[in-house]
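Below is one structure, written out as structure tokens; the observations come after it.
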Amino acid sequence: EVVIDLLDPTKTGLQIRSSEAGANSVVKIVGVTEKVVTSEKEVLATVAMGEAHRSVGSTDMNEKSSRSHTILRLTIESKKKLVEEGLSPEYRVSSLNLVDLAGSESAAKSGGDGQRRAEGSYINKSLLTLATVIQRLITASGHIPYRDSKLTRILEPALGGNSSTAIICTITPAQHHLAETMNTLKFAAR
């Protein structure tokens, strides 16, 4: 797995550092581009810039297959509008992670070889680790292997503690992809 800055794709192999473990963990990607935006227009322009550098490729299953996971992390700072005379304003800082997971594709069905097969292997490994982390959090059993994948390491603060998660799945009604559709739905049901 390689962490790439989609706002500056010359930055590859970025390192992940965390301040502490658990619910108060702060995970940073060293050297990643951070951009201050103050309007919807600026947010959308920044997303478009990152999307333009995203890795996609053709497989037998999907003409424009995501060949990597994408994480857009928004740190939202808000200030209480009404402040009493003589008091400092109250600020609230929240984090919103929008994650687009590359789909799991079987090597036999996707027709991938060489680089596509290697990409699929990394995608499947990180999805399996994410599933394991979620299962361990749900059952509160055993060691939670956040560090087994860069995806789960980056998302560690958002997976446990005081966080909410929503999952949107892209699936197909095609009968010949039933197994992949069912696996996607099982993953989301956790």
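To be explicit about the labels: the chains of the structure tokens are called A, B, and onward in the order shown, and within each one the residues are counted from 1, while ligands get numbers from 1 in the order they are shown.
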Checklist entry - Got a sec to tell me which of region 84-161 of chain A DSSP assigns to strand (DSSP E), as a ChimeraX atom specification? => result /A:91-100
Checklist entry - Which residues come within 12 Å of Ser55 (chain A), counting only C-alpha atoms, excluding same-chain residues fewer than 5 positions away, as a PyMOL selection string? => result chain A and resi 4-6+9+50+64-70+102+116+119
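Note that the spacing between CA of Gly13 (chain A) and CA of Glu1 (chain A) amounts to 8.6 Å.
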Next on the checklist: Just want the 9 Å neighbourhood of Leu7 (chain A), counted on only C-alpha atoms, with same-chain residues fewer than 5 positions away dropped. Output as a PyMOL selection string.
Outcome noted: chain A and resi 32-34+46-47+49-51+53
Checklist entry - What is the CA of Val2 (chain A)-CA of Ala52 (chain A) distance in Å, reported with one decimal? => result 18.0 Å
Next on the checklist: Residues within 12 Å of Ile138 (chain A), please, as a PyMOL selection string. Count only C-alpha atoms; anything in the same chain fewer than 5 positions from it doesn't count.
Outcome noted: chain A and resi 131-133+144+159-161+189-190
